[in-house]
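**Student:** Sending over protein.csv (CSV, C-alpha atoms and all ligand atoms).
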chain,number,residue,atom,x,y,z
Z,1,MET,CA,-38.3,-36.3,96.5
Z,2,SER,CA,-41.4,-34.4,97.7
Z,3,ALA,CA,-44.2,-36.3,99.5
Z,4,ASN,CA,-46.7,-35.7,96.7
Z,5,SER,CA,-44.4,-36.8,93.9
Z,6,LYS,CA,-45.5,-40.0,92.1
Z,7,LEU,CA,-42.2,-40.7,90.5
Z,8,PRO,CA,-40.1,-43.6,91.9
Z,9,ASP,CA,-36.8,-42.9,93.5
Z,10,THR,CA,-34.8,-43.9,90.4
Z,11,PHE,CA,-35.8,-40.5,89.0
Z,12,HIS,CA,-34.2,-38.6,91.9
Z,13,VAL,CA,-31.4,-36.2,91.2
Z,14,THR,CA,-29.4,-34.0,93.6
Z,15,LYS,CA,-30.7,-30.7,94.8
Z,16,ARG,CA,-30.4,-27.5,92.7
Z,17,ILE,CA,-27.0,-26.0,92.4
Z,18,ASP,CA,-25.8,-23.9,95.3
Z,19,PHE,CA,-24.0,-21.0,93.7
Z,20,ALA,CA,-23.0,-19.6,97.1
Z,21,LYS,CA,-20.8,-22.6,97.8
Z,22,ALA,CA,-17.1,-22.0,97.2
Z,23,ILE,CA,-15.4,-24.3,94.7
Z,24,ASP,CA,-11.9,-25.6,95.0
Z,25,VAL,CA,-10.1,-25.8,91.6
Z,26,ARG,CA,-7.3,-27.8,93.2
Z,27,ASN,CA,-9.7,-30.7,92.8
Z,28,LEU,CA,-8.7,-30.7,89.1
Z,29,LYS,CA,-5.0,-31.1,89.6
Z,30,ASP,CA,-3.6,-33.9,87.4
Z,31,LYS,CA,-7.2,-34.8,86.3
Z,32,SER,CA,-7.5,-36.0,82.7
Z,33,ILE,CA,-10.0,-33.8,80.8
Z,34,ILE,CA,-11.2,-34.0,77.2
Z,35,VAL,CA,-12.6,-30.9,75.6
Z,36,THR,CA,-14.2,-31.5,72.2
Z,37,GLY,CA,-14.3,-28.2,70.3
Z,38,GLY,CA,-11.6,-26.9,72.6
Z,39,ALA,CA,-9.8,-25.0,69.9
Z,40,ASN,CA,-12.1,-22.0,69.9
Z,41,GLY,CA,-14.9,-20.2,71.7
Z,42,LEU,CA,-16.4,-21.7,74.9
Z,43,GLY,CA,-14.4,-24.8,74.7
Z,44,ALA,CA,-11.1,-22.9,74.4
Z,45,GLY,CA,-12.0,-20.8,77.4
Z,46,CYS,CA,-12.7,-23.9,79.5
Z,47,VAL,CA,-9.4,-25.5,78.3
Z,48,THR,CA,-7.5,-22.5,79.6
Z,49,SER,CA,-9.1,-22.7,83.0
Z,50,PHE,CA,-8.8,-26.5,83.3
Z,51,ALA,CA,-5.1,-26.2,82.4
Z,52,GLU,CA,-4.4,-23.4,84.8
Z,53,ALA,CA,-6.0,-25.6,87.5
Z,54,GLY,CA,-3.3,-28.2,86.8
Z,55,ALA,CA,-5.3,-30.7,84.7
Z,56,TYR,CA,-4.0,-32.6,81.7
Z,57,VAL,CA,-6.3,-31.4,79.0
Z,58,THR,CA,-6.8,-33.0,75.6
Z,59,ILE,CA,-8.4,-30.8,72.9
Z,60,LEU,CA,-10.3,-32.8,70.3
Z,61,ASP,CA,-11.1,-30.4,67.5
Z,62,ILE,CA,-11.2,-30.3,63.7
Z,63,ASN,CA,-9.5,-27.0,63.5
Z,64,ASN,CA,-5.8,-27.9,63.3
Z,65,GLU,CA,-4.5,-24.3,63.3
Z,66,LEU,CA,-6.4,-23.0,66.2
Z,67,GLY,CA,-6.1,-26.2,68.2
Z,68,SER,CA,-2.3,-26.5,67.9
Z,69,ALA,CA,-1.8,-22.8,68.6
Z,70,HIS,CA,-4.0,-22.9,71.8
Z,71,ALA,CA,-2.2,-26.0,73.1
Z,72,GLU,CA,1.2,-24.5,72.3
Z,73,GLN,CA,0.4,-21.2,74.0
Z,74,LEU,CA,-0.7,-23.0,77.2
Z,75,ASN,CA,2.2,-25.4,77.2
Z,76,SER,CA,4.6,-22.5,76.9
Z,77,LYS,CA,3.3,-21.4,80.3
Z,78,GLY,CA,4.1,-24.8,81.8
Z,79,HIS,CA,0.6,-26.3,81.5
Z,80,HIS,CA,-0.3,-29.7,80.2
Z,81,VAL,CA,-2.3,-29.6,77.0
Z,82,LYS,CA,-2.4,-31.9,74.0
Z,83,PHE,CA,-4.2,-31.2,70.7
Z,84,VAL,CA,-5.4,-34.0,68.6
Z,85,LYS,CA,-7.0,-33.1,65.3
Z,86,THR,CA,-10.4,-34.9,65.4
Z,87,ASP,CA,-13.6,-34.9,63.6
Z,88,THR,CA,-16.1,-35.7,66.4
Z,89,SER,CA,-18.7,-36.8,63.9
Z,90,SER,CA,-16.5,-39.7,62.9
Z,91,TRP,CA,-16.4,-42.7,65.3
Z,92,PRO,CA,-12.8,-43.8,64.5
Z,93,SER,CA,-11.5,-40.2,64.6
Z,94,GLN,CA,-13.1,-39.5,68.0
Z,95,MET,CA,-12.0,-42.9,69.4
Z,96,ASP,CA,-8.4,-42.1,68.4
Z,97,GLY,CA,-8.7,-38.8,70.3
Z,98,PHE,CA,-9.9,-40.6,73.5
Z,99,LYS,CA,-7.0,-43.1,73.3
Z,100,ALA,CA,-4.6,-40.2,72.9
Z,101,ALA,CA,-6.0,-38.5,75.9
Z,102,ILE,CA,-5.5,-41.7,78.0
Z,103,ASP,CA,-1.9,-41.9,76.8
Z,104,PHE,CA,-1.3,-38.3,77.7
Z,105,SER,CA,-2.7,-38.4,81.2
Z,106,PRO,CA,-0.5,-39.3,84.2
Z,107,ARG,CA,-2.9,-42.0,85.5
Z,108,LYS,CA,-3.7,-43.3,82.1
Z,109,THR,CA,-7.4,-42.5,82.4
Z,110,ILE,CA,-10.1,-39.9,81.6
Z,111,ASP,CA,-11.9,-38.1,84.3
Z,112,ILE,CA,-14.0,-35.5,82.7
Z,113,VAL,CA,-15.4,-35.0,79.1
Z,114,LEU,CA,-16.8,-31.6,78.1
Z,115,THR,CA,-18.6,-31.8,74.7
Z,116,SER,CA,-18.2,-28.3,73.2
Z,117,ALA,CA,-17.7,-29.2,69.5
Z,118,GLY,CA,-20.6,-27.6,67.6
Z,119,LEU,CA,-21.9,-26.0,64.5
Z,120,THR,CA,-24.9,-24.0,63.5
Z,121,THR,CA,-26.3,-23.7,60.1
Z,122,LYS,CA,-29.5,-22.6,58.5
Z,123,SER,CA,-32.0,-25.3,57.9
Z,124,VAL,CA,-35.6,-26.0,56.7
Z,125,VAL,CA,-37.3,-22.8,57.7
Z,126,GLY,CA,-35.5,-19.8,56.1
Z,127,GLY,CA,-32.7,-22.0,54.7
Z,128,TRP,CA,-32.8,-25.3,52.9
Z,129,LEU,CA,-36.3,-24.8,51.5
Z,130,ASP,CA,-35.4,-21.4,50.1
Z,131,LYS,CA,-32.7,-23.0,48.0
Z,132,VAL,CA,-35.1,-25.5,46.4
Z,133,SER,CA,-35.3,-24.2,42.8
Z,134,SER,CA,-37.8,-26.6,41.4
Z,135,LEU,CA,-40.7,-28.6,42.8
Z,136,SER,CA,-40.9,-30.8,39.8
Z,137,LYS,CA,-37.7,-32.8,40.7
Z,138,ASP,CA,-37.2,-35.2,43.5
Z,139,PRO,CA,-35.8,-33.2,46.5
Z,140,GLU,CA,-32.2,-33.4,47.5
Z,141,ALA,CA,-31.4,-34.5,51.0
Z,142,PRO,CA,-31.0,-31.5,53.4
Z,143,PRO,CA,-27.6,-31.0,54.9
Z,144,THR,CA,-27.1,-32.8,58.2
Z,145,ALA,CA,-23.7,-31.5,59.2
Z,146,THR,CA,-25.1,-29.7,62.3
Z,147,ILE,CA,-26.8,-32.9,63.5
Z,148,ASP,CA,-23.8,-35.0,62.7
Z,149,VAL,CA,-21.5,-32.9,64.9
Z,150,ASN,CA,-23.9,-31.6,67.6
Z,151,LEU,CA,-25.8,-34.8,68.2
Z,152,THR,CA,-24.2,-37.8,66.6
Z,153,GLY,CA,-20.8,-36.5,67.8
Z,154,LEU,CA,-22.1,-36.2,71.3
Z,155,TYR,CA,-23.7,-39.6,71.2
Z,156,TYR,CA,-20.2,-40.9,70.2
Z,157,SER,CA,-18.6,-38.9,73.0
Z,158,ALA,CA,-21.0,-40.4,75.5
Z,159,HIS,CA,-20.3,-44.0,74.4
Z,160,LEU,CA,-16.6,-43.5,74.3
Z,161,ALA,CA,-16.6,-41.7,77.7
Z,162,LEU,CA,-18.5,-44.5,79.4
Z,163,TYR,CA,-16.4,-47.2,77.8
Z,164,TYR,CA,-13.1,-45.7,78.7
Z,165,PHE,CA,-14.3,-44.6,82.2
Z,166,LYS,CA,-15.1,-48.2,82.9
Z,167,LYS,CA,-12.0,-49.6,81.3
Z,168,THR,CA,-9.5,-47.3,83.0
Z,169,ALA,CA,-11.1,-46.7,86.4
Z,170,LYS,CA,-9.9,-48.6,89.4
Z,171,PRO,CA,-12.0,-49.7,92.4
Z,172,GLY,CA,-11.8,-47.1,95.2
Z,173,ASP,CA,-10.6,-44.3,92.8
Z,174,GLN,CA,-11.3,-40.9,94.4
Z,175,GLY,CA,-13.7,-38.5,92.8
Z,176,SER,CA,-16.3,-39.1,90.1
Z,177,LYS,CA,-16.2,-39.5,86.3
Z,178,GLN,CA,-18.2,-36.8,84.6
Z,179,ILE,CA,-19.6,-35.9,81.2
Z,180,MET,CA,-20.7,-32.3,80.8
Z,181,PHE,CA,-22.8,-32.0,77.7
Z,182,VAL,CA,-22.9,-28.5,76.1
Z,183,SER,CA,-26.5,-28.0,75.0
Z,184,SER,CA,-28.1,-24.5,74.8
Z,185,LEU,CA,-31.1,-22.6,76.0
Z,186,ALA,CA,-32.2,-23.5,72.4
Z,187,GLY,CA,-32.6,-26.9,73.9
Z,188,TYR,CA,-35.5,-25.5,75.9
Z,189,LEU,CA,-37.1,-23.0,73.6
Z,190,ALA,CA,-37.0,-23.5,69.9
Z,191,LEU,CA,-35.4,-20.8,67.7
Z,192,ASN,CA,-37.0,-20.4,64.3
Z,193,GLN,CA,-34.8,-20.9,61.2
Z,194,VAL,CA,-32.3,-23.3,62.8
Z,195,ALA,CA,-34.3,-26.5,63.1
Z,196,ASP,CA,-31.3,-28.8,62.8
Z,197,TYR,CA,-29.5,-26.8,65.6
Z,198,VAL,CA,-32.5,-26.9,67.9
Z,199,ALA,CA,-33.1,-30.6,67.2
Z,200,SER,CA,-29.5,-31.3,68.1
Z,201,LYS,CA,-29.7,-29.3,71.3
Z,202,TYR,CA,-32.9,-31.0,72.5
Z,203,GLY,CA,-31.2,-34.2,71.6
Z,204,ALA,CA,-28.2,-33.4,73.8
Z,205,ARG,CA,-30.6,-32.8,76.6
Z,206,GLY,CA,-32.2,-36.2,75.9
Z,207,LEU,CA,-28.9,-37.9,76.2
Z,208,TRP,CA,-28.1,-36.2,79.5
Z,209,ARG,CA,-31.6,-36.9,80.9
Z,210,THR,CA,-31.2,-40.6,80.1
Z,211,LEU,CA,-27.7,-41.0,81.5
Z,212,ARG,CA,-28.2,-39.0,84.7
Z,213,TYR,CA,-30.3,-41.7,86.3
Z,214,SER,CA,-27.3,-44.1,86.3
Z,215,PRO,CA,-24.8,-42.8,88.8
Z,216,GLU,CA,-23.6,-46.4,89.5
Z,217,ILE,CA,-23.2,-47.3,85.9
Z,218,LEU,CA,-19.5,-47.9,86.2
Z,219,GLY,CA,-20.1,-50.8,88.7
Z,220,GLU,CA,-19.7,-51.6,92.4
Z,221,ASP,CA,-16.8,-49.9,94.2
Z,222,MET,CA,-16.1,-47.9,91.0
Z,223,PRO,CA,-16.2,-44.1,90.9
Z,224,ARG,CA,-19.6,-42.5,90.7
Z,225,PHE,CA,-20.7,-41.3,87.3
Z,226,ARG,CA,-22.0,-37.7,87.1
Z,227,THR,CA,-23.4,-35.9,84.1
Z,228,ASN,CA,-24.5,-32.3,83.9
Z,229,LEU,CA,-25.9,-30.1,81.1
Z,230,VAL,CA,-24.5,-26.7,80.2
Z,231,CYS,CA,-27.0,-24.4,78.5
Z,232,PRO,CA,-25.7,-21.0,77.4
Z,233,THR,CA,-27.8,-18.2,76.1
Z,234,TYR,CA,-26.2,-16.2,73.3
Z,235,ILE,CA,-22.5,-15.9,74.0
Z,236,LYS,CA,-19.9,-13.8,72.1
Z,237,THR,CA,-18.0,-16.3,70.0
Z,238,ASP,CA,-17.3,-16.8,66.3
Z,239,MET,CA,-20.6,-18.8,66.2
Z,240,THR,CA,-22.6,-15.7,67.0
Z,241,GLN,CA,-20.4,-13.1,65.3
Z,242,SER,CA,-22.8,-12.5,62.5
Z,243,ILE,CA,-25.8,-11.8,64.7
Z,244,GLN,CA,-24.1,-9.9,67.6
Z,245,PRO,CA,-24.6,-6.4,66.2
Z,246,ILE,CA,-28.3,-7.1,65.5
Z,247,LEU,CA,-28.9,-8.6,68.9
Z,248,GLU,CA,-27.2,-5.7,70.6
Z,249,SER,CA,-29.1,-3.2,68.6
Z,250,MET,CA,-32.3,-4.8,70.0
Z,251,GLY,CA,-31.0,-4.4,73.6
Z,252,ILE,CA,-30.1,-8.1,73.9
Z,253,ALA,CA,-26.9,-8.5,75.9
Z,254,LEU,CA,-24.7,-11.4,75.0
Z,255,GLY,CA,-22.8,-13.4,77.6
Z,256,GLU,CA,-19.0,-13.8,77.6
Z,257,VAL,CA,-17.0,-17.0,77.4
Z,258,ALA,CA,-16.1,-16.3,81.0
Z,259,ASP,CA,-19.7,-16.7,82.1
Z,260,VAL,CA,-19.6,-20.2,80.6
Z,261,VAL,CA,-16.3,-21.0,82.1
Z,262,ALA,CA,-17.6,-20.1,85.5
Z,263,GLY,CA,-20.5,-22.5,85.2
Z,264,VAL,CA,-18.3,-25.3,83.8
Z,265,MET,CA,-15.7,-24.9,86.5
Z,266,ARG,CA,-18.5,-25.1,89.2
Z,267,CYS,CA,-19.8,-28.4,87.7
Z,268,ALA,CA,-16.3,-29.8,87.3
Z,269,CYS,CA,-15.1,-29.0,90.9
Z,270,ASP,CA,-18.3,-29.5,93.0
Z,271,GLU,CA,-18.8,-33.3,93.3
Z,272,SER,CA,-22.3,-32.6,94.7
Z,273,ILE,CA,-23.6,-31.3,91.4
Z,274,GLU,CA,-25.1,-34.4,89.7
Z,275,GLY,CA,-27.8,-34.6,87.0
Z,276,ARG,CA,-28.3,-30.8,86.9
Z,277,ALA,CA,-28.9,-28.4,84.0
Z,278,LEU,CA,-27.1,-25.1,84.3
Z,279,ALA,CA,-28.3,-22.0,82.4
Z,280,ILE,CA,-25.5,-19.6,81.4
Z,281,ALA,CA,-26.7,-16.0,81.5
Z,282,PRO,CA,-24.8,-12.8,80.8
Z,283,GLY,CA,-22.9,-11.9,84.0
Z,284,LYS,CA,-23.6,-8.6,85.7
Z,285,GLU,CA,-20.9,-7.8,88.3
Z,286,SER,CA,-18.7,-10.8,87.7
Z,287,ALA,CA,-18.4,-13.7,85.3
Z,288,GLY,CA,-21.2,-16.2,85.9
Z,289,ASP,CA,-23.0,-14.3,88.6
Z,290,ARG,CA,-26.4,-14.7,86.9
Z,291,ASN,CA,-26.1,-18.3,85.9
Z,292,PHE,CA,-28.9,-20.4,87.3
Z,293,ASP,CA,-30.1,-23.9,87.8
Z,294,LEU,CA,-32.8,-24.7,85.3
Z,295,CYS,CA,-34.5,-27.1,87.7
Z,296,ASP,CA,-34.9,-29.5,84.8
Z,297,ASP,CA,-36.4,-32.2,87.0
Z,298,TRP,CA,-39.8,-33.5,88.1
Z,299,GLU,CA,-40.4,-30.8,90.7
Z,300,GLY,CA,-39.1,-28.0,88.4
Z,301,VAL,CA,-41.5,-28.9,85.6
Z,302,GLU,CA,-38.5,-29.9,83.4
Z,303,GLY,CA,-36.9,-26.4,83.4
Z,304,GLY,CA,-39.9,-24.7,81.9
Z,305,ARG,CA,-40.9,-22.7,84.9
Z,306,GLU,CA,-37.4,-21.5,85.8
Z,307,LEU,CA,-36.6,-20.4,82.2
Z,308,THR,CA,-39.8,-18.4,81.7
Z,309,GLU,CA,-39.3,-16.7,85.1
Z,310,HIS,CA,-35.8,-15.6,84.0
Z,311,ILE,CA,-37.1,-14.4,80.7
Z,312,ALA,CA,-39.8,-12.4,82.5
Z,313,ASP,CA,-37.3,-10.8,84.9
Z,314,GLY,CA,-35.0,-9.9,82.0
Z,315,THR,CA,-32.0,-12.1,82.9
Z,316,ILE,CA,-32.4,-14.0,79.6
Z,317,LYS,CA,-33.3,-12.0,76.5
Z,318,GLY,CA,-33.7,-12.9,72.9
Z,319,LEU,CA,-35.0,-16.5,73.3
Z,320,GLU,CA,-38.6,-15.3,73.1
Z,321,LEU,CA,-37.8,-14.4,69.5
Z,322,GLY,CA,-38.8,-17.9,68.4
Z,323,ASP,CA,-40.6,-16.2,65.6
Z,324,ARG,CA,-37.7,-13.9,64.6
Z,325,PRO,CA,-38.2,-10.2,64.1
Z,326,PRO,CA,-37.6,-8.8,60.6
Z,327,GLN,CA,-34.0,-7.8,61.6
Z,328,LEU,CA,-33.0,-11.4,61.9
Z,329,LYS,CA,-34.8,-12.8,58.9
Z,330,GLY,CA,-32.4,-14.0,56.3
Z,331,VAL,CA,-29.3,-13.7,58.6
Z,332,ASN,CA,-26.7,-16.3,57.9
Z,333,PHE,CA,-26.2,-18.2,61.1
Z,334,GLU,CA,-23.2,-20.1,59.9
Z,335,ALA,CA,-20.0,-19.4,61.9
Z,336,ALA,CA,-18.1,-16.5,60.4
Z,337,PRO,CA,-15.2,-17.7,58.3
Z,338,LYS,CA,-11.8,-17.5,60.1
A,401,LIG,N1,-22.0,-19.1,71.2
A,401,LIG,C1,-23.2,-19.3,71.6
A,401,LIG,O1,-24.0,-18.3,71.7
A,401,LIG,C2,-23.7,-20.6,72.1
A,401,LIG,C3,-24.9,-20.6,72.8
A,401,LIG,C4,-25.4,-21.9,73.2
A,401,LIG,C5,-24.7,-23.0,73.0
A,401,LIG,N2,-23.5,-22.9,72.3
A,401,LIG,C6,-22.8,-24.2,72.0
A,401,LIG,O2,-21.5,-24.1,72.5
A,401,LIG,C7,-20.6,-25.0,71.8
A,401,LIG,C8,-19.4,-24.2,71.4
A,401,LIG,O3,-19.8,-23.1,70.6
A,401,LIG,P1,-18.9,-21.8,70.4
A,401,LIG,O4,-19.9,-20.7,70.5
A,401,LIG,O5,-17.8,-21.9,71.2
A,401,LIG,O6,-18.5,-21.9,68.8
A,401,LIG,P2,-17.1,-21.9,68.1
A,401,LIG,O7,-17.5,-21.9,66.7
A,401,LIG,O8,-16.3,-20.7,68.6
A,401,LIG,O9,-16.4,-23.2,68.6
A,401,LIG,C9,-16.8,-24.5,68.1
A,401,LIG,C10,-15.7,-25.4,68.0
A,401,LIG,O10,-16.1,-26.7,67.6
A,401,LIG,C11,-15.2,-27.2,66.6
A,401,LIG,N3,-15.8,-28.1,65.7
A,401,LIG,C12,-16.8,-27.9,64.8
A,401,LIG,N4,-17.0,-29.1,64.1
A,401,LIG,C13,-16.2,-30.0,64.6
A,401,LIG,C14,-16.0,-31.4,64.4
A,401,LIG,N5,-16.7,-32.1,63.4
A,401,LIG,N6,-15.1,-32.1,65.1
A,401,LIG,C15,-14.4,-31.4,66.1
A,401,LIG,N7,-14.6,-30.1,66.4
A,401,LIG,C16,-15.5,-29.4,65.7
A,401,LIG,C17,-14.8,-25.9,65.9
A,401,LIG,O11,-13.6,-26.1,65.1
A,401,LIG,C18,-14.6,-24.9,67.0
A,401,LIG,O12,-13.3,-24.9,67.6
A,401,LIG,C19,-21.4,-25.5,70.6
A,401,LIG,O13,-21.9,-26.8,70.9
A,401,LIG,C20,-22.6,-24.5,70.5
A,401,LIG,O14,-23.7,-25.0,69.9
A,401,LIG,C21,-23.0,-21.8,71.9
Take the structure in the file and give it back as structure tokens.
**Tutor:**
Amino acid sequence: MSANSKLPDTFHVTKRIDFAKAIDVRNLKDKSIIVTGGANGLGAGCVTSFAEAGAYVTILDINNELGSAHAEQLNSKGHHVKFVKTDTSSWPSQMDGFKAAIDFSPRKTIDIVLTSAGLTTKSVVGGWLDKVSSLSKDPEAPPTATIDVNLTGLYYSAHLALYYFKKTAKPGDQGSKQIMFVSSLAGYLALNQVADYVASKYGARGLWRTLRYSPEILGEDMPRFRTNLVCPTYIKTDMTQSIQPILESMGIALGEVADVVAGVMRCACDESIEGRALAIAPGKESAGDRNFDLCDDWEGVEGGRELTEHIADGTIKGLELGDRPPQLKGVNFEAAPK
């Protein structure tokens, strides 16, 4: 902590991520990893890399077809992947998923949880309010599915992870226990039209910010608890399929799933990354080569300075469209049907 800082030491987090440091994926061998939303998109890409590194990976996803197929395909190559059909917005469903992951793992524990399950829908501005046909009746409740999955689901993941970390860890265990929350750069700059999505992504950040100050939460002699935040810009997945052509026509490059995987693997393997927020930017020469630490801490002005500098130098494009240009007005942000 700098000399002029007025915050007490409890608000200290580790230094910004060192992207030059080599990571050793062998650290993940036999680790037990849960990936919510691991049937598709970013989550599916991370499942593949974790499995290839020798981890036991449990996919908790609501999409039975994609989840089973992804697990089968990786198992056919000799990897260890289990799919459990799970609705992460339901406590009993997600709890069953966690228990199944413990059963599946060689050491009957969970080491890492990556929360990638997510939805995006239109809400309030440009969505729900447009559908209100009459102002003379009492209003219907707006849909909350996005908040249910993206925030309540993550809140459940955090509680379940901490409970089962504590229950299954043994004093002196090597390595830390980690939750990687998937938020978004929309957790730093609001995007118009998707109020529920933005609220959920700011919420994910709030969860992470609260938990990161408790590295000793699992108790004395128990493994250290780490939590990091993964904040992608627009990435090419089914979630963004409907807006990809429009963004590209405006000169906005989308990132690849590989850019996210590079960031997630760094946080998973490097035990010195603790309490950091990682921005995922579209790679230039290689996957993840323009990812950056958001410096979401006291000294980094909660990420604000770092993000605006990267928008100014063109690494991140499209987030300044808070007030969306005409091309994006009325676009349906729901994930494209499979
Ligand atoms: N694609 C992007 O541009 C982008 C940018 C920033 C953040 N993100 C975030 O990354 C995460 C993954 O998004 P993606 O782009 O890979 O989308 P995706 O649609 O490809 O994958 C999302 C996965 O979540 C699963 N899911 C949805 N509801 C669920 C539920 N109730 N229970 C369990 N699983 C459920 C889906 O079945 C799917 O497999 C989301 O949290 C998203 O908000 C995506």
**Student:** Can you tell me which residues come within 7 Å of ligand LIG 401 (chain A) when counting all atoms listed in the file, ideally as a PyMOL selection string?
**Tutor:** chain Z and resi 36-43+60-63+86-89+116-120+149-150+182-185+231-240+335
**Student:** Name all residues at most 10 Å from Tyr156 (chain Z) (count all atoms listed in the file; drop same-chain ones fewer than 5 positions away) and give them as a PyMOL selection string.
**Tutor:** chain Z and resi 88-92+94-95+149+151+161
**Student:** Between CA of Cys295 (chain Z) and CA of Glu309 (chain Z), measure the distance and give it in Å to one decimal.
**Tutor:**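 Going from CA of Cys295 (chain Z) over to CA of Glu309 (chain Z) covers 11.7 Å.
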**Student:** In Å to one decimal, how far is CA of Val113 (chain Z) from CA of Lys166 (chain Z)?
**Tutor:** 13.7 Å
**Student:** What's around Leu74 (chain Z) at 10 Å? Count all atoms listed in the file, leave out sequence neighbours fewer than 6 positions away in its own chain, and write the answer as a list in words.
**Tutor:** Val47, Thr48, Ala51, Glu52, His80, Val81 and Lys82 of chain Z
**Student:** Counting only C-alpha atoms, find residues at most 12 Å from (-21.9, -46.8, 82.2) (file frame) and give them as a PyMOL selection string.
**Tutor:** chain Z and resi 158-167+169+177-179+210-220+222-227
**Student:** Write out as a VMD selection string the residues lying within 10 Å of region 21-33 of chain Z, counting all atoms listed in the file and excluding same-chain residues fewer than 5 positions away.
**Tutor:** chain Z and resid 47 49 to 59 80 to 81 98 101 to 102 104 to 114 175 178 to 179 265 to 271
**Student:** Using only C-alpha atoms, determine which residues lie at most 9 Å from Val198 (chain Z), disregarding the query and same-chain residues fewer than 6 positions distant; provide the list as a list in words.
**Tutor:** Ser184, Ala186, Gly187, Tyr188, Leu189, Ala190, Leu191 and Asn192 of chain Z
**Student:** Which value, in Å to one decimal, gives the distance between CA of Asp293 (chain Z) and CA of Ile252 (chain Z)?
**Tutor:**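 Separation between CA of Asp293 (chain Z) and CA of Ile252 (chain Z): 21.0 Å.
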**Student:** May I have the residues within 12 Å of Pro282 (chain Z) as JSON, numbers by chain, using only C-alpha atoms and disregarding those fewer than 2 positions away in the same chain?
**Tutor:** {"Z": [232, 233, 234, 235, 236, 252, 253, 254, 255, 256, 257, 258, 259, 260, 261, 262, 263, 279, 280, 284, 285, 286, 287, 288, 289, 290, 291, 292, 310, 314, 315, 316, 317, 318]}
**Student:** Measuring between all atoms listed in the file, which one of Z:Val35, Z:Met180, Z:Gly203, Z:Asp313 shows the shortest distance to Gly67 (chain Z)?
**Tutor:** Z:Val35
